[in-house]
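Peer 1: Following this message is one structure expressed as structure tokens.
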Amino acid sequence: MKLRFLILALLVVGVLCLGCGDGSLSESPGEALTPVKTLRPTFTPMPTATMTPVPIHTPLPTDTPQPTRTPLPPSDTPKPTLADPPPTDTPLPPTPTSAPPTATRKPATRTPVQPTATPTPAAKHVVGSHGVSGLVIARDKTTFAVGEKAFFTYEALNHTEDPVGFELLGIKASNGLFNTSWINPDIILPDVPFRHDDGLTFGTPGTYQVFLAICFARCGESDADWEEFRYGAATITVR
């Protein structure tokens, strides 16, 4: 299309140039210049341009979605009836194999059982061979520290109808510790408690019984007449 317009324009320019050249050659010097009427070039109509239609873009086909498979509901298919299996040969018992050696078990550590404390019988008056009974009770408390003096109250009762004389009286512990509480000869009257306080000091931790001991005669001799009232003992603990 552009090429056509260019050729047509060149033809028009050529025609105009030819017309101008002929006028200038006919003129001679000395002659009066007569204006020459120049014919205008005939306008050649240009061919009507035809519009070439623009190609229409044809859209590419789109992917057509595949149809979704709808699962069919499972139908109740009857299970095949199992026939009784054919009888099989009875398997022989397995050959005994020797058991692997077992690991030697260590003896369990035995937890030492704490000894159960034996309940101490309650102190009470028990009449002895001289018609007298003795009882000792802890005066303030029953637990003491090592080296602390433990105080007790003791009493002797005469269960006869006559006074009972003695030469020496004191308190004695189960470990052999003895403290003389009364060193002058005296008597214990019927139904009148012979009661006093005394104390002992323990240098070793432990549990002790403290009871009344009375010497009735021959206290300095090898055949001294001593009587101990262990049924009336007080029990204490030293820590």
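Simple scheme: letters A, B, ... for chains in structure tokens order, numbers from 1 for residues in each chain, numbers from 1 for ligands in the order shown.
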What's the 9 Å shell around Gly170 of chain A, counting only C-alpha atoms, without same-chain residues fewer than 6 positions away, as a ChimeraX atom specification?
Peer 2: /A:154,178-183,198,211-215
Peer 1: Please determine, counting only C-alpha atoms, which residue among A:Ala150, A:Val238, A:Ile7, A:Val12 has the shortest atom-to-atom distance to Ile137 of chain A.
Peer 2: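 Going through A:Ala150, A:Val238, A:Ile7, A:Val12 one by one, the smallest distance to Ile137 of chain A is for A:Ala150.
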Peer 1: What is the distance, in Å and to one decimal place, between atom CA of Glu155 of chain A and atom CA of Leu135 of chain A?
Peer 2: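 Taking atom CA of Glu155 of chain A and atom CA of Leu135 of chain A, their separation equals 5.5 Å.
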Peer 1: When DSSP is applied to the backbone of this structure, which of segment 131-231 of chain A are assigned strand (DSSP E)? Write them out as a ChimeraX atom specification.
Peer 2: /A:132-138,143-144,149-158,164-166,168-173,178-182,186-188,194-201,206-217,225-231
Peer 1: Give me the residues near Ala122 of chain A as a PyMOL selection string, where near means some atom within 12 Å (using only C-alpha atoms) and where sequence neighbours in that chain fewer than 6 positions away do not count.
Peer 2: chain A and resi 135-137+209+230-235
